[in-house]
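Engineer: Structure below; questions to follow.
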Amino acid sequence: MQLEMGEFYESVNDALQAAVTAMGGFKKVGPVMRPELPIDQAAGWLRDCLNPARREKLAPEQVLLILRLARQAGYHAAMNFVAFDTGYKATPVDPDSQEQQLQERFIEAVEGLTAIQSQLERLQRLRRAA
């Protein structure tokens, strides 16, 4: 994986802070994550969560939300950091392609269940006939 300028971070918090900045800052992302809070409070909450010296931390689902929002905004450096740090390679996937793959898997699963149902019905008919 190639690291471009600005993609090297010391920690996952640094990478997530960069993603938040790329998406417009804490006052824009905080309220998306915590819509029940006033803007300044939500921004402060997110800032505290990404500060390793503070007690507040993000839940795994909230980290994924930031990464998902960053992907939607076209910012991939934070995900690249997570992948690189854990020994993986991250590649953005086209949402339409992802949806098509899931639909194909769903159809295959339904076809498999239909085949099982047919076999089960056949076995039951044979038992009744015996």
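Note on naming: chains are A, B, ... as they come in the structure tokens, residues start from 1 per chain, ligands start from 1 in the order shown.
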Give me, as a count of residues only, all polymer residues having an atom no more than 12 Å from Gly74 in chain A, counting only C-alpha atoms and skipping those fewer than 4 positions away in the same chain.

Structural biologist: 12

Engineer: As a list in words, please: the residues near Gln62 in chain A (cut-off 12 Å, only C-alpha atoms, same-chain neighbours under 6 positions excluded).

Structural biologist: Leu16, Val29, Gly30, Val32, Met33, Arg34, Leu46, Cys49, Leu50, Arg68 and Leu69 of chain A

Engineer: Go ahead and write the selection's residues with all heavy atoms as a compact mmCIF listing (two decimals), in the first residue's frame.

Structural biologist:
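Listing of part-v4.txt after writing:
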```
# COMPACT_ATOMS: atom_id res chain seq x y z
N LEU A 16 -8.52 9.42 12.79
CA LEU A 16 -9.93 9.80 12.87
C LEU A 16 -10.12 11.31 12.95
O LEU A 16 -11.06 11.86 12.37
CB LEU A 16 -10.60 9.10 14.05
CG LEU A 16 -10.72 7.57 13.93
CD1 LEU A 16 -11.21 6.97 15.23
CD2 LEU A 16 -11.61 7.18 12.77
N VAL A 29 -19.36 17.09 12.13
CA VAL A 29 -19.47 15.65 12.33
C VAL A 29 -20.08 15.30 13.69
O VAL A 29 -20.87 14.35 13.79
CB VAL A 29 -18.09 14.98 12.16
CG1 VAL A 29 -18.17 13.48 12.38
CG2 VAL A 29 -17.52 15.28 10.77
N GLY A 30 -19.74 16.05 14.73
CA GLY A 30 -20.27 15.78 16.06
C GLY A 30 -21.79 15.67 16.09
O GLY A 30 -22.34 14.70 16.62
N VAL A 32 -23.81 14.94 13.74
CA VAL A 32 -24.27 13.76 12.99
C VAL A 32 -24.22 12.54 13.90
O VAL A 32 -25.11 11.69 13.87
CB VAL A 32 -23.40 13.54 11.73
CG1 VAL A 32 -23.74 12.23 11.05
CG2 VAL A 32 -23.57 14.70 10.76
N MET A 33 -23.18 12.48 14.72
CA MET A 33 -22.99 11.35 15.60
C MET A 33 -23.86 11.43 16.85
O MET A 33 -24.26 10.41 17.40
CB MET A 33 -21.52 11.23 15.99
CG MET A 33 -20.64 10.98 14.77
SD MET A 33 -18.94 10.71 15.20
CE MET A 33 -19.08 9.10 15.96
N ARG A 34 -24.10 12.64 17.32
CA ARG A 34 -24.89 12.85 18.54
C ARG A 34 -25.95 13.92 18.26
O ARG A 34 -25.88 15.04 18.77
CB ARG A 34 -23.99 13.29 19.69
CG ARG A 34 -22.95 12.29 20.16
CD ARG A 34 -23.52 11.10 20.91
NE ARG A 34 -24.35 11.44 22.04
CZ ARG A 34 -23.91 11.63 23.28
NH1 ARG A 34 -22.64 11.52 23.57
NH2 ARG A 34 -24.76 11.92 24.25
N LEU A 46 -17.17 14.90 20.68
CA LEU A 46 -16.35 14.18 19.70
C LEU A 46 -14.88 14.53 19.87
O LEU A 46 -14.01 13.66 19.82
CB LEU A 46 -16.84 14.49 18.28
CG LEU A 46 -16.09 13.79 17.14
CD1 LEU A 46 -16.08 12.27 17.34
CD2 LEU A 46 -16.70 14.17 15.80
N CYS A 49 -13.60 12.61 22.76
CA CYS A 49 -13.47 11.17 22.45
C CYS A 49 -12.20 10.87 21.67
O CYS A 49 -11.64 9.79 21.80
CB CYS A 49 -14.68 10.68 21.66
SG CYS A 49 -16.19 10.54 22.63
N LEU A 50 -11.76 11.81 20.86
CA LEU A 50 -10.57 11.59 20.04
C LEU A 50 -9.30 12.12 20.70
O LEU A 50 -8.23 12.07 20.10
CB LEU A 50 -10.77 12.21 18.65
CG LEU A 50 -11.87 11.54 17.82
CD1 LEU A 50 -12.04 12.25 16.50
CD2 LEU A 50 -11.60 10.06 17.63
N ARG A 68 -17.16 5.34 7.74
CA ARG A 68 -18.17 5.26 6.69
C ARG A 68 -18.48 6.65 6.13
O ARG A 68 -18.57 6.84 4.91
CB ARG A 68 -19.44 4.62 7.27
CG ARG A 68 -20.38 4.07 6.24
CD ARG A 68 -21.55 3.30 6.88
NE ARG A 68 -21.07 2.11 7.56
CZ ARG A 68 -21.19 1.89 8.88
NH1 ARG A 68 -21.79 2.77 9.65
NH2 ARG A 68 -20.74 0.78 9.42
N LEU A 69 -18.63 7.63 7.02
CA LEU A 69 -18.89 9.01 6.58
C LEU A 69 -17.71 9.55 5.77
O LEU A 69 -17.90 10.25 4.78
CB LEU A 69 -19.17 9.91 7.78
CG LEU A 69 -20.47 9.64 8.55
CD1 LEU A 69 -20.49 10.44 9.85
CD2 LEU A 69 -21.68 9.95 7.69
```

Engineer: Please report, as a ChimeraX atom specification, each residue of range 1-85 of chain A to which DSSP assigns helix (DSSP H, G or I) when run on this structure's backbone.

Structural biologist: /A:12-22,26-33,39-49,60-72,77-85

Engineer: Find the distance between CA of Pro35 in chain A and CA of Gln72 in chain A and write it in Å to one decimal.

Structural biologist: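 Those two atoms sit 18.9 Å apart.
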